[in-house]
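*Asks:* Before we start, here is the structure in question, set down as structure tokens.
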Amino acid sequence: MQWGDMIMWNQEAISPRAGLPQTPHSDTEILTYVTSGMLYHEDILGNVGALQAGDCQVISAGTGVAIRRGNPDEADPVEFVQIWLIPNHQGGEPFSVVRGFADDREQGQFATLASGFDNEGNSLPMRANARLSRVVLADGGAADYRFEAGNFGYVVPLSGRVQVGDVIADRNDGILINDVETVTVTAMGHTIALLIEMAE
């Protein structure tokens with residue numbers, strides 16, 4: 001799917017002891033959020049390691065980068081979300097950054113994981129006019145999200161279900177959000193949800 005500068009939002013899984021071939025990328029912002037298991041990552045920038053559940057990674061491909069991913073676990077699959085965004089400018093040195101975000105971090109309100117907007121505190125940087133946030137909600141809990149003027153978004157529950165207005169989304173389903181200033185996301189069951197906000 002494409003929605004604004006978001007050209008892909010995929011829920012992906014890799015079986016135990018399996019991997020994906022090395023893949024080249026350029027002029028793409030690649031956001032990864034691990035929902036369960038362990039995701040092995042290696043790139044030609046020299047970054048090697050494993051992402052755990054709750055980790056968020058930004059790869060700004062810039063002039064070009066090649067990455068390889070896999071699942072080193074013997075028994076359990078790894079599940080993760082991968083989002084591709086059009087960068088706000090082409091070229092530039094590629095970079096990769098990763099940070100862990102515990103499930104209880106700012107529970108009950110949206111917390112920014114990665115952002116290309118200014119003054120975003122402790123979030124991961126990216127070269128896109130977008131912001132990726134996460135919310136952790138107990139059953140029946142709700143959180144408000146306020147968009148900057150003219151911006152729009154997309155919200156996906158990674159566990160449980162959410163309701164936005166009159167629309168209900170099951171796990172891994174998405175709701176497009178447009179022409180609103182503030183939305184209220186209500187959990188139906190314990191829920192972890194991601195929301196991406198993009199500028200026009």
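Scheme for the structure tokens: letters A, B, ... for chains in order shown; per-chain residue numbers from 1; ligand numbers from 1 in order shown.
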Identify, on the basis of only C-alpha atoms, every residue whose closest approach to Gly92 of chain A does not exceed 10 Å; exclude the query and any residue fewer than 6 positions from it along the same chain; express the result as a PyMOL selection string.
*Replies:* chain A and resi 26-27+60-64+127
*Asks:* Would you save the residues of that selection, restricted to N, CA and C atoms, as an mmCIF file, in the first residue's frame?
*Replies:*
data_model
loop_
_atom_site.group_PDB
_atom_site.id
_atom_site.type_symbol
_atom_site.label_atom_id
_atom_site.label_comp_id
_atom_site.auth_asym_id
_atom_site.auth_seq_id
_atom_site.Cartn_x
_atom_site.Cartn_y
_atom_site.Cartn_z
ATOM 1 N N SER A 26 18.339 1.976 -1.468
ATOM 2 C CA SER A 26 18.818 3.354 -1.558
ATOM 3 C C SER A 26 17.620 4.292 -1.508
ATOM 4 N N ASP A 27 17.865 5.495 -1.017
ATOM 5 C CA ASP A 27 16.842 6.542 -0.944
ATOM 6 C C ASP A 27 15.524 6.025 -0.380
ATOM 7 N N SER A 60 18.448 4.564 7.357
ATOM 8 C CA SER A 60 18.328 5.588 6.333
ATOM 9 C C SER A 60 19.278 5.190 5.207
ATOM 10 N N ALA A 61 18.705 4.674 4.109
ATOM 11 C CA ALA A 61 19.530 4.033 3.087
ATOM 12 C C ALA A 61 20.394 5.026 2.314
ATOM 13 N N GLY A 62 19.921 6.265 2.161
ATOM 14 C CA GLY A 62 20.730 7.279 1.504
ATOM 15 C C GLY A 62 21.271 6.819 0.160
ATOM 16 N N THR A 63 22.575 6.975 -0.036
ATOM 17 C CA THR A 63 23.211 6.631 -1.306
ATOM 18 C C THR A 63 23.297 5.131 -1.536
ATOM 19 N N GLY A 64 23.042 4.326 -0.502
ATOM 20 C CA GLY A 64 22.992 2.891 -0.713
ATOM 21 C C GLY A 64 23.499 2.089 0.463
ATOM 22 N N ARG A 127 15.276 10.530 8.067
ATOM 23 C CA ARG A 127 15.196 11.582 7.057
ATOM 24 C C ARG A 127 13.886 11.450 6.287
#
*Asks:* Give one line per residue of segment 63-129 of chain A that approaches segment 30-38 of chain A to at most 6 Å, naming the two atoms of the closest pair and their distance in Å to one decimal, counting only C-alpha atoms; sort by chain then ascending residue number and deliver it as JSON lines.
*Replies:*
{"residue": "A:Val78", "atom": "CA", "partner": "A:Gly37", "partner_atom": "CA", "distance": 4.3}
{"residue": "A:Glu79", "atom": "CA", "partner": "A:Ser36", "partner_atom": "CA", "distance": 5.2}
{"residue": "A:Phe80", "atom": "CA", "partner": "A:Val34", "partner_atom": "CA", "distance": 4.2}
{"residue": "A:Val81", "atom": "CA", "partner": "A:Tyr33", "partner_atom": "CA", "distance": 5.1}
{"residue": "A:Gln82", "atom": "CA", "partner": "A:Thr32", "partner_atom": "CA", "distance": 4.6}
{"residue": "A:Ile83", "atom": "CA", "partner": "A:Leu31", "partner_atom": "CA", "distance": 5.0}
{"residue": "A:Trp84", "atom": "CA", "partner": "A:Ile30", "partner_atom": "CA", "distance": 4.8}
*Asks:* Considering only C-alpha atoms, can you say which of A:Ala187, A:Ser115, A:Pro16, A:Phe152 comes closest to Ala169 of chain A?
*Replies:*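 Closest to Ala169 of chain A, using only C-alpha atoms: A:Ala187.
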*Asks:* To one decimal place in Å, what is the distance between atom CA of Gly189 of chain A and atom CA of Val162 of chain A?
*Replies:*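 Interatomic distance, atom CA of Gly189 of chain A to atom CA of Val162 of chain A: 8.4 Å.
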*Asks:* So that I can see what lies close to Gly141 of chain A, please list as a ChimeraX atom specification the residues with an atom at most 10 Å from it, counting only C-alpha atoms and leaving out residues fewer than 2 positions away in the same chain.
*Replies:* /A:107-109,136-139,143,162,185-191
*Asks:* Write out, as a PDB file, in the first residue's frame, the residues just selected, with C-alpha atoms.
*Replies:*
ATOM      1  CA  GLN A 107       1.896   3.180  29.177  1.00  0.00           C
ATOM      2  CA  GLY A 108      -1.460   4.765  28.428  1.00  0.00           C
ATOM      3  CA  GLN A 109      -0.118   7.527  26.201  1.00  0.00           C
ATOM      4  CA  VAL A 136       0.458   0.406  25.243  1.00  0.00           C
ATOM      5  CA  LEU A 137      -3.111   0.166  26.552  1.00  0.00           C
ATOM      6  CA  ALA A 138      -4.944  -2.045  29.030  1.00  0.00           C
ATOM      7  CA  ASP A 139      -8.342  -3.411  28.051  1.00  0.00           C
ATOM      8  CA  ALA A 143      -5.161   7.486  24.453  1.00  0.00           C
ATOM      9  CA  VAL A 162      -8.493  -0.839  18.654  1.00  0.00           C
ATOM     10  CA  VAL A 185      -7.548   5.218  20.193  1.00  0.00           C
ATOM     11  CA  THR A 186      -9.470   2.837  22.483  1.00  0.00           C
ATOM     12  CA  ALA A 187      -8.218  -0.671  23.295  1.00  0.00           C
ATOM     13  CA  MET A 188     -10.359  -3.784  23.108  1.00  0.00           C
ATOM     14  CA  GLY A 189      -8.178  -6.152  25.094  1.00  0.00           C
ATOM     15  CA  HIS A 190      -4.557  -5.491  26.079  1.00  0.00           C
ATOM     16  CA  THR A 191      -3.136  -3.657  23.088  1.00  0.00           C
TER      17      THR A 191
END
*Asks:* Give me every strand (DSSP E or B) residue in segment 129-167 of chain A, going by DSSP on the backbone, as an MDAnalysis selection string.
*Replies:* chainID A and resid 130:137 142:146 152:164 167
*Asks:* Write the residues of the preceding selection, restricted to N, CA and C atoms, as an mmCIF file, in the first residue's frame.
*Replies:*
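Written output follows (part16.cif):
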data_model
loop_
_atom_site.group_PDB
_atom_site.id
_atom_site.type_symbol
_atom_site.label_atom_id
_atom_site.label_comp_id
_atom_site.auth_asym_id
_atom_site.auth_seq_id
_atom_site.Cartn_x
_atom_site.Cartn_y
_atom_site.Cartn_z
ATOM 1 N N ALA A 130 7.932 12.433 8.888
ATOM 2 C CA ALA A 130 7.030 11.482 9.539
ATOM 3 C C ALA A 130 7.458 11.273 10.980
ATOM 4 N N ARG A 131 6.530 10.696 11.761
ATOM 5 C CA ARG A 131 6.784 10.364 13.156
ATOM 6 C C ARG A 131 6.125 9.018 13.452
ATOM 7 N N LEU A 132 6.884 8.076 14.015
ATOM 8 C CA LEU A 132 6.339 6.777 14.412
ATOM 9 C C LEU A 132 6.202 6.756 15.928
ATOM 10 N N SER A 133 4.979 6.457 16.406
ATOM 11 C CA SER A 133 4.703 6.414 17.838
ATOM 12 C C SER A 133 4.090 5.075 18.220
ATOM 13 N N ARG A 134 4.204 4.759 19.503
ATOM 14 C CA ARG A 134 3.638 3.524 20.031
ATOM 15 C C ARG A 134 2.830 3.841 21.277
ATOM 16 N N VAL A 135 1.738 3.069 21.469
ATOM 17 C CA VAL A 135 0.965 3.187 22.688
ATOM 18 C C VAL A 135 0.700 1.794 23.234
ATOM 19 N N VAL A 136 0.767 1.653 24.542
ATOM 20 C CA VAL A 136 0.458 0.406 25.243
ATOM 21 C C VAL A 136 -0.767 0.674 26.110
ATOM 22 N N LEU A 137 -1.841 -0.098 25.871
ATOM 23 C CA LEU A 137 -3.111 0.166 26.552
ATOM 24 C C LEU A 137 -3.660 -1.098 27.191
ATOM 25 N N ALA A 142 -7.713 4.148 26.814
ATOM 26 C CA ALA A 142 -7.767 5.019 25.640
ATOM 27 C C ALA A 142 -6.651 6.050 25.702
ATOM 28 N N ALA A 143 -6.201 6.457 24.538
ATOM 29 C CA ALA A 143 -5.161 7.486 24.453
ATOM 30 C C ALA A 143 -5.486 8.417 23.299
ATOM 31 N N ASP A 144 -5.266 9.709 23.509
ATOM 32 C CA ASP A 144 -5.469 10.704 22.462
ATOM 33 C C ASP A 144 -4.161 10.966 21.730
ATOM 34 N N TYR A 145 -4.281 11.192 20.429
ATOM 35 C CA TYR A 145 -3.125 11.577 19.625
ATOM 36 C C TYR A 145 -3.491 12.834 18.848
ATOM 37 N N ARG A 146 -2.650 13.842 18.963
ATOM 38 C CA ARG A 146 -2.904 15.126 18.297
ATOM 39 C C ARG A 146 -1.964 15.270 17.096
ATOM 40 N N PHE A 152 -1.572 13.699 8.498
ATOM 41 C CA PHE A 152 -2.484 12.555 8.462
ATOM 42 C C PHE A 152 -1.724 11.324 8.930
ATOM 43 N N GLY A 153 -2.434 10.186 9.093
ATOM 44 C CA GLY A 153 -1.732 9.047 9.663
ATOM 45 C C GLY A 153 -2.375 7.699 9.407
ATOM 46 N N TYR A 154 -1.820 6.710 10.091
ATOM 47 C CA TYR A 154 -2.205 5.307 9.928
ATOM 48 C C TYR A 154 -1.897 4.608 11.244
ATOM 49 N N VAL A 155 -2.886 3.899 11.811
ATOM 50 C CA VAL A 155 -2.690 3.236 13.097
ATOM 51 C C VAL A 155 -2.970 1.742 12.934
ATOM 52 N N VAL A 156 -2.125 0.910 13.563
ATOM 53 C CA VAL A 156 -2.232 -0.549 13.459
ATOM 54 C C VAL A 156 -2.040 -1.168 14.840
ATOM 55 N N PRO A 157 -3.006 -1.961 15.337
ATOM 56 C CA PRO A 157 -2.776 -2.710 16.579
ATOM 57 C C PRO A 157 -1.909 -3.943 16.309
ATOM 58 N N LEU A 158 -0.859 -4.105 17.092
ATOM 59 C CA LEU A 158 0.012 -5.269 16.965
ATOM 60 C C LEU A 158 -0.456 -6.410 17.856
ATOM 61 N N SER A 159 -1.285 -6.074 18.815
ATOM 62 C CA SER A 159 -1.951 -7.073 19.661
ATOM 63 C C SER A 159 -3.294 -6.481 20.061
ATOM 64 N N GLY A 160 -4.258 -7.342 20.360
ATOM 65 C CA GLY A 160 -5.581 -6.852 20.704
ATOM 66 C C GLY A 160 -6.276 -6.203 19.513
ATOM 67 N N ARG A 161 -7.259 -5.353 19.810
ATOM 68 C CA ARG A 161 -7.987 -4.600 18.796
ATOM 69 C C ARG A 161 -8.102 -3.153 19.260
ATOM 70 N N VAL A 162 -8.299 -2.247 18.295
ATOM 71 C CA VAL A 162 -8.493 -0.839 18.654
ATOM 72 C C VAL A 162 -9.719 -0.297 17.942
ATOM 73 N N GLN A 163 -10.294 0.749 18.553
ATOM 74 C CA GLN A 163 -11.391 1.480 17.933
ATOM 75 C C GLN A 163 -10.992 2.937 17.801
ATOM 76 N N VAL A 164 -11.193 3.467 16.597
ATOM 77 C CA VAL A 164 -10.969 4.886 16.323
ATOM 78 C C VAL A 164 -12.249 5.414 15.703
ATOM 79 N N VAL A 167 -14.709 3.037 13.721
ATOM 80 C CA VAL A 167 -13.970 1.982 13.018
ATOM 81 C C VAL A 167 -13.204 1.128 14.015
#
*Asks:* Let me make sure I understand: among A:Asn129, A:Ala75, A:Asp118, A:Val97, which one has the smallest atom-to-atom distance to Val48 of chain A if we use only C-alpha atoms?
*Replies:*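 Closest residue, counting only C-alpha atoms: A:Val97.
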*Asks:* Mind pulling up the distance from atom CA of Arg17 of chain A to atom CA of Val58 of chain A?
*Replies:* 24.0 Å
*Asks:* Can you list, as a list in words, every protein, DNA or RNA residue that comes within 7 Å of Ala50 of chain A when you count only C-alpha atoms, leaving out same-chain residues fewer than 5 positions away?
*Replies:*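 After dropping sequence-adjacent residues, the list is Met38, Leu39, Tyr40 and His41 of chain A.
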*Asks:* To one decimal place in Å, what is the distance between atom CA of Pro21 of chain A and atom CA of Asp73 of chain A?
*Replies:* 17.3 Å
*Asks:* Of the residues A:Gly150, A:Pro87, A:Gly121, A:Pro94, which is the one nearest to Ile7 of chain A, using only C-alpha atoms?
*Replies:*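 Smallest distance to Ile7 of chain A is found for A:Pro87.
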*Asks:* With distances taken over only C-alpha atoms, which residue among A:Asp55, A:Glu29, A:Asp179, A:Asp43 lies nearest Gly100 of chain A?
*Replies:*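 Selected residue with least distance to Gly100 of chain A: A:Asp55.
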*Asks:* Using only C-alpha atoms for the distances, tell me which of A:Asn172, A:Ile59, A:Leu195, A:Phe147 is nearest to Ala111 of chain A.
*Replies:* A:Leu195
*Asks:* Pick from A:Glu181, A:Glu197, A:Glu42, A:Asp166: nearest to Gly19 of chain A, with only C-alpha atoms counted?
*Replies:* A:Glu42
